[in-house]
$ cat target34.txt   # compact mmCIF, C-alpha atoms
# COMPACT_ATOMS: atom_id res chain seq x y z
CA MET A 13 0.00 0.00 0.00
CA ILE A 14 2.76 2.43 0.97
CA VAL A 15 4.67 1.56 -2.24
CA LYS A 16 1.62 2.41 -4.34
CA GLU A 17 1.21 5.75 -2.60
CA LEU A 18 4.93 6.51 -3.04
CA ILE A 19 4.83 5.77 -6.80
CA SER A 20 1.69 7.88 -7.14
CA ALA A 21 3.34 10.73 -5.19
CA VAL A 22 6.41 10.62 -7.46
CA PHE A 23 4.23 10.82 -10.60
CA LEU A 24 2.08 13.63 -9.19
CA SER A 25 5.21 15.58 -8.18
CA ALA A 26 6.61 15.19 -11.69
CA GLY A 27 3.29 16.42 -13.07
CA PHE A 28 3.37 19.41 -10.72
CA PHE A 29 6.94 20.22 -11.76
CA PHE A 30 6.02 20.27 -15.47
CA PHE A 31 2.87 22.36 -14.81
CA PHE A 32 5.08 24.80 -12.90
CA THR A 33 7.69 25.07 -15.66
CA ALA A 34 5.01 25.42 -18.35
CA THR A 35 3.33 28.28 -16.45
CA LEU A 36 6.71 29.90 -15.78
CA GLY A 37 7.45 29.70 -19.51
CA LEU A 38 4.05 31.21 -20.33
CA LEU A 39 4.75 34.16 -18.03
CA ARG A 40 8.43 34.75 -18.75
CA LEU A 41 9.12 33.92 -22.43
CA PRO A 42 9.18 36.86 -24.86
CA ASP A 43 6.80 36.13 -27.77
CA PHE A 44 3.78 34.11 -28.86
CA TYR A 45 5.58 31.15 -30.41
CA SER A 46 7.96 30.51 -27.52
CA ARG A 47 5.09 30.77 -25.02
CA LEU A 48 3.12 28.25 -27.08
CA HIS A 49 6.19 26.05 -27.19
CA ALA A 50 6.45 26.09 -23.37
CA THR A 51 2.78 25.45 -22.60
CA GLY A 52 2.08 23.05 -25.47
CA LYS A 53 4.71 20.52 -24.49
CA GLY A 54 4.88 21.18 -20.75
CA ASP A 55 1.15 20.87 -20.14
CA THR A 56 0.84 17.72 -22.25
CA LEU A 57 3.53 15.92 -20.27
CA ALA A 58 2.20 17.30 -16.97
CA VAL A 59 -1.30 16.00 -17.69
CA LEU A 60 0.14 12.60 -18.62
CA PHE A 61 2.15 12.38 -15.37
CA SER A 62 -0.74 13.58 -13.19
CA MET A 63 -3.21 11.16 -14.76
CA VAL A 64 -0.82 8.21 -14.45
CA GLY A 65 -0.22 9.15 -10.80
CA LEU A 66 -3.95 9.24 -10.11
CA ALA A 67 -4.46 5.92 -11.92
CA VAL A 68 -1.72 4.27 -9.84
CA TYR A 69 -3.33 5.64 -6.66
CA GLU A 70 -6.73 4.30 -7.72
CA GLY A 71 -5.42 0.79 -8.41
CA LEU A 72 -6.71 -1.53 -11.13
CA SER A 73 -10.38 -0.63 -11.57
CA ILE A 74 -12.76 0.82 -14.14
CA THR A 75 -12.03 4.31 -12.76
CA SER A 76 -8.29 4.05 -13.41
CA ILE A 77 -8.97 2.83 -16.96
CA LYS A 78 -11.15 5.90 -17.53
CA ILE A 79 -8.36 8.12 -16.13
CA LEU A 80 -5.83 6.52 -18.50
CA LEU A 81 -8.23 7.07 -21.41
CA ILE A 82 -8.34 10.78 -20.48
CA ALA A 83 -4.51 10.80 -20.63
CA VAL A 84 -4.51 9.12 -24.07
CA PHE A 85 -7.01 11.58 -25.56
CA MET A 86 -5.24 14.58 -24.03
CA PHE A 87 -2.02 13.26 -25.56
CA LEU A 88 -3.72 13.17 -28.98
CA ALA A 89 -5.68 16.40 -28.80
CA GLN A 90 -3.33 18.80 -27.06
CA PRO A 91 -0.38 18.73 -29.53
CA THR A 92 -2.88 18.99 -32.41
CA ALA A 93 -4.48 22.06 -30.85
CA THR A 94 -1.05 23.62 -30.28
CA HIS A 95 -0.13 22.90 -33.89
CA ALA A 96 -3.37 24.45 -35.19
CA ILE A 97 -2.93 27.59 -33.04
CA SER A 98 0.69 28.10 -34.10
CA ARG A 99 -0.25 27.58 -37.76
CA ALA A 100 -3.07 30.12 -37.47
CA ALA A 101 -0.65 32.59 -35.86
CA PHE A 102 1.82 32.06 -38.72
CA ARG A 103 -0.98 32.68 -41.24
CA CYS A 104 -1.81 35.94 -39.44
CA HIS A 105 1.82 37.11 -39.91
CA ILE A 106 2.72 37.25 -36.22
CA GLN A 107 6.45 37.88 -36.31
CA PRO A 108 8.74 35.62 -34.24
CA PHE A 109 10.91 37.26 -31.60
CA THR A 110 14.42 38.17 -32.73
CA ARG A 111 16.99 39.89 -30.63
CA MET B 13 -17.98 29.74 -45.59
CA ILE B 14 -15.70 27.23 -43.97
CA GLN B 15 -13.31 25.50 -46.33
CA LYS B 16 -11.81 22.08 -45.72
CA SER B 17 -8.69 22.46 -43.59
CA ASP B 18 -5.53 22.12 -45.68
CA ASP B 19 -3.57 20.76 -42.71
CA VAL B 20 -3.18 16.98 -42.79
CA ILE B 21 -2.40 16.68 -39.03
CA VAL B 22 -5.53 18.52 -37.90
CA ARG B 23 -7.71 16.68 -40.42
CA THR B 24 -6.43 13.21 -39.48
CA VAL B 25 -6.59 13.70 -35.71
CA ALA B 26 -10.06 15.25 -35.88
CA ARG B 27 -11.30 12.42 -38.06
CA SER B 28 -9.88 9.73 -35.74
CA LEU B 29 -11.20 11.47 -32.59
CA MET B 30 -14.72 11.94 -34.01
CA PRO B 31 -16.12 8.46 -33.08
CA PHE B 32 -14.74 8.74 -29.54
CA ILE B 33 -16.37 12.16 -29.11
CA LEU B 34 -19.71 10.69 -30.18
CA ILE B 35 -19.29 7.66 -27.86
CA TYR B 36 -18.42 9.98 -24.97
CA GLY B 37 -21.52 12.04 -25.72
CA LEU B 38 -23.66 8.90 -25.61
CA TYR B 39 -21.94 7.86 -22.34
CA VAL B 40 -22.79 11.21 -20.74
CA VAL B 41 -26.41 10.85 -21.91
CA MET B 42 -26.77 7.26 -20.69
CA HIS B 43 -25.26 7.92 -17.24
CA GLY B 44 -27.27 11.12 -16.74
CA HIS B 45 -29.53 9.75 -14.01
CA TYR B 46 -26.87 8.68 -11.51
CA SER B 47 -23.73 10.70 -12.30
CA PRO B 48 -22.98 14.23 -13.55
CA GLY B 49 -24.26 14.74 -17.05
CA GLY B 50 -27.54 14.19 -18.78
CA GLY B 51 -29.40 15.15 -21.90
CA PHE B 52 -28.27 18.75 -22.24
CA GLN B 53 -24.58 18.14 -21.63
CA GLY B 54 -24.49 14.99 -23.76
CA GLY B 55 -26.32 16.74 -26.58
CA VAL B 56 -23.85 19.61 -26.53
CA ILE B 57 -20.92 17.14 -26.67
CA LEU B 58 -22.53 15.42 -29.68
CA ALA B 59 -23.02 18.81 -31.35
CA ALA B 60 -19.39 19.74 -30.60
CA GLY B 61 -18.38 16.67 -32.61
CA PHE B 62 -20.26 18.06 -35.61
CA VAL B 63 -18.71 21.51 -35.09
CA LEU B 64 -15.25 19.90 -35.11
CA LEU B 65 -16.19 18.04 -38.30
CA THR B 66 -17.29 21.33 -39.90
CA VAL B 67 -14.13 23.18 -38.90
CA THR B 68 -11.81 20.46 -40.21
CA GLN B 69 -13.65 18.88 -43.16
CA GLY B 70 -15.58 21.88 -44.49
CA ILE B 71 -19.28 22.63 -44.36
CA GLU B 72 -20.26 20.64 -47.47
CA ARG B 73 -18.95 17.39 -46.00
CA THR B 74 -20.84 18.01 -42.76
CA ARG B 75 -24.04 18.83 -44.64
CA GLN B 76 -23.84 15.34 -46.20
CA HIS B 77 -24.12 13.85 -42.71
CA MET B 78 -26.34 16.44 -41.04
CA SER B 79 -28.21 18.71 -43.45
CA GLN B 80 -30.43 21.56 -42.30
CA LYS B 81 -33.50 19.44 -43.03
CA THR B 82 -32.21 16.40 -41.08
CA ALA B 83 -31.34 18.62 -38.11
CA CYS B 84 -34.86 20.12 -38.12
CA VAL B 85 -36.41 16.62 -38.24
CA ILE B 86 -34.16 15.32 -35.42
CA SER B 87 -34.91 18.30 -33.18
CA SER B 88 -38.65 17.77 -33.71
CA VAL B 89 -38.30 14.03 -32.98
CA GLY B 90 -36.41 14.83 -29.75
CA LEU B 91 -39.15 17.20 -28.62
CA LEU B 92 -41.76 14.58 -29.58
CA ILE B 93 -40.01 11.93 -27.43
CA TYR B 94 -39.86 14.29 -24.45
CA ALA B 95 -43.42 15.53 -24.72
CA GLY B 96 -44.69 12.08 -25.73
CA ILE B 97 -43.38 10.39 -22.58
CA GLY B 98 -44.88 13.20 -20.50
CA ALA B 99 -48.22 12.91 -22.25
CA LEU B 100 -48.14 9.10 -21.96
CA CYS B 101 -47.92 9.45 -18.17
CA LEU B 102 -50.84 11.89 -18.37
CA ILE B 103 -52.89 9.38 -20.42
CA LEU B 104 -52.08 6.55 -17.97
CA GLY B 105 -53.64 8.55 -15.14
CA GLY B 106 -50.70 10.31 -13.48
CA ARG B 107 -49.30 13.82 -13.67
CA TYR B 108 -47.22 15.15 -16.56
CA LEU B 109 -43.82 13.29 -16.50
CA ASP B 110 -44.97 11.09 -13.58
CA TYR B 111 -42.83 8.11 -14.69
CA GLY B 112 -44.20 5.70 -12.09
CA ARG B 113 -47.32 5.26 -14.20
CA LEU B 114 -45.22 3.76 -17.01
CA SER B 115 -44.87 0.57 -14.91
CA GLN B 116 -48.33 -0.56 -16.13
CA LEU B 117 -47.24 -0.15 -19.75
CA LEU B 118 -43.70 -1.61 -19.50
CA GLN B 119 -44.63 -4.53 -17.17
CA VAL B 120 -41.86 -3.64 -14.66
CA ASP B 121 -41.88 -2.44 -11.05
CA GLN B 122 -42.09 1.28 -10.21
CA PRO B 123 -38.38 2.17 -9.60
CA THR B 124 -37.31 0.51 -12.87
CA ALA B 125 -40.12 2.31 -14.70
CA ARG B 126 -38.97 5.66 -13.26
CA SER B 127 -35.37 4.96 -14.29
CA LEU B 128 -36.41 4.00 -17.83
CA GLY B 129 -38.70 7.03 -18.08
CA ILE B 130 -35.90 9.40 -17.08
CA LEU B 131 -33.58 7.70 -19.60
CA GLY B 132 -36.18 8.15 -22.37
CA VAL B 133 -36.61 11.83 -21.55
CA GLU B 134 -32.81 12.29 -21.48
CA ILE B 135 -32.50 10.74 -24.95
CA GLY B 136 -35.21 13.07 -26.26
CA VAL B 137 -33.50 16.11 -24.73
CA ALA B 138 -30.10 15.03 -26.11
CA LEU B 139 -31.47 14.67 -29.67
CA GLY B 140 -33.17 18.05 -29.45
CA VAL B 141 -30.15 19.88 -28.03
CA MET B 142 -27.76 18.30 -30.56
CA ALA B 143 -29.94 19.19 -33.55
CA VAL B 144 -30.66 22.74 -32.37
CA MET B 145 -26.96 23.42 -31.70
CA CYS B 146 -26.18 22.18 -35.23
CA ILE B 147 -28.92 24.43 -36.66
CA ILE B 148 -27.54 27.45 -34.79
CA PHE B 149 -24.02 26.72 -36.02
CA PHE B 150 -25.15 26.18 -39.62
CA SER B 151 -27.29 29.35 -39.52
CA ILE B 152 -24.32 31.46 -38.46
CA PHE B 153 -22.32 30.23 -41.44
CA ALA B 154 -25.28 30.42 -43.82
CA ALA B 155 -25.55 34.12 -42.89
CA ASP B 156 -21.84 34.36 -43.66
CA GLU B 157 -22.36 32.83 -47.13
CA THR B 158 -24.91 35.38 -48.34
CA GLU B 159 -22.54 38.32 -47.87
$ encode --input "target34.txt" --output "structure tokens"
Amino acid sequence: MIVKELISAVFLSAGFFFFFTATLGLLRLPDFYSRLHATGKGDTLAVLFSMVGLAVYEGLSITSIKILLIAVFMFLAQPTATHAISRAAFRCHIQPFTR
Amino acid sequence: MIQKSDDVIVRTVARSLMPFILIYGLYVVMHGHYSPGGGFQGGVILAAGFVLLTVTQGIERTRQHMSQKTACVISSVGLLIYAGIGALCLILGGRYLDYGRLSQLLQVDQPTARSLGILGVEIGVALGVMAVMCIIFFSIFAADETE
């Protein structure tokens, strides 16, 4: 039981770390594309880690399978949404940041 | 006028996610009477699937699946299911939407009849909400076409 909770805590901490870095990138990076780069990848990985942590905590049941399905669909949908947003920004001639 | 998206990634992912969105909508409708969800939320999720199809595949492709006429018919059928179940309870001697009276018709005990009655009403609401959301979405883009 304690091993399961430890594994779940490690996964949730990893998820928290990536959420933190993604939000930090959103607040600190200079332009639209680099902010999208930070949140698009950071949030995807953070959601995956958090959902796996919750599924491990739940044990093998129908609830944990549903949680893992959420992770799978987030993993499909989130990069696609990021790609679509960045493509739309490129079409609208938003200039990338140059020093 | 929404054209078909020229981006192969968006098109492919949207097309492969479409059946799962519809199944999730049906899940929300079916579990409406003992978990969060129900007819309105499930109907909106089903309609969101059609909006995603329109945005990625273009409006002509969506009209093949869900034309204005089909959407009008489905919304009327949904309202008919809702009002019909209510009126059926009225005919069987209860109040409007008093599902317990359906037990005489369905040959089951009262709690099961109530559960089935709620499920029937949820399905009617889901069909109506889905079709009306599609009509609203199509109307916005039909207004865009005439300009």
$ interface_residues --input "target34.txt" --of "chain A" --to "chain B" --cutoff "10 Å" --atoms "only C-alpha atoms" --output "list in words"
Phe85, Leu88, Ala89, Pro91, Thr92, Ala93, His95, Ala96 and Arg99 of chain A
$ residues_around --input "target34.txt" --residues "Thr51 of chain A" --least-positions-apart "5" --cutoff "7 Å" --atoms "all atoms listed in the file" --output "PyMOL selection string"
chain A and resi 34-35+38
$ atom_distance --input "target34.txt" --atom1 "atom CA of Ala95 of chain B" --atom2 "atom CA of Arg126 of chain B"
15.8 Å
$ atom_distance --input "target34.txt" --atom1 "atom CA of Ser98 of chain A" --atom2 "atom CA of Leu48 of chain A"
7.4 Å
$ closest_residue --input "target34.txt" --among "A:Ser25, A:Ser20, A:Thr94, A:Ser76" --to "Arg47 of chain A" --atoms "only C-alpha atoms"
A:Thr94
$ atom_distance --input "target34.txt" --atom1 "atom CA of Glu134 of chain B" --atom2 "atom CA of Met86 of chain A"
27.8 Å
$ axis_aligned_box --input "target34.txt" --around "segment 45-53 of chain A" --padding-each-side "3 Å" --output "lines of an AutoDock Vina configuration file"
center_x = 5.0
center_y = 25.8
center_z = -26.5
size_x = 11.9
size_y = 16.6
size_z = 13.8
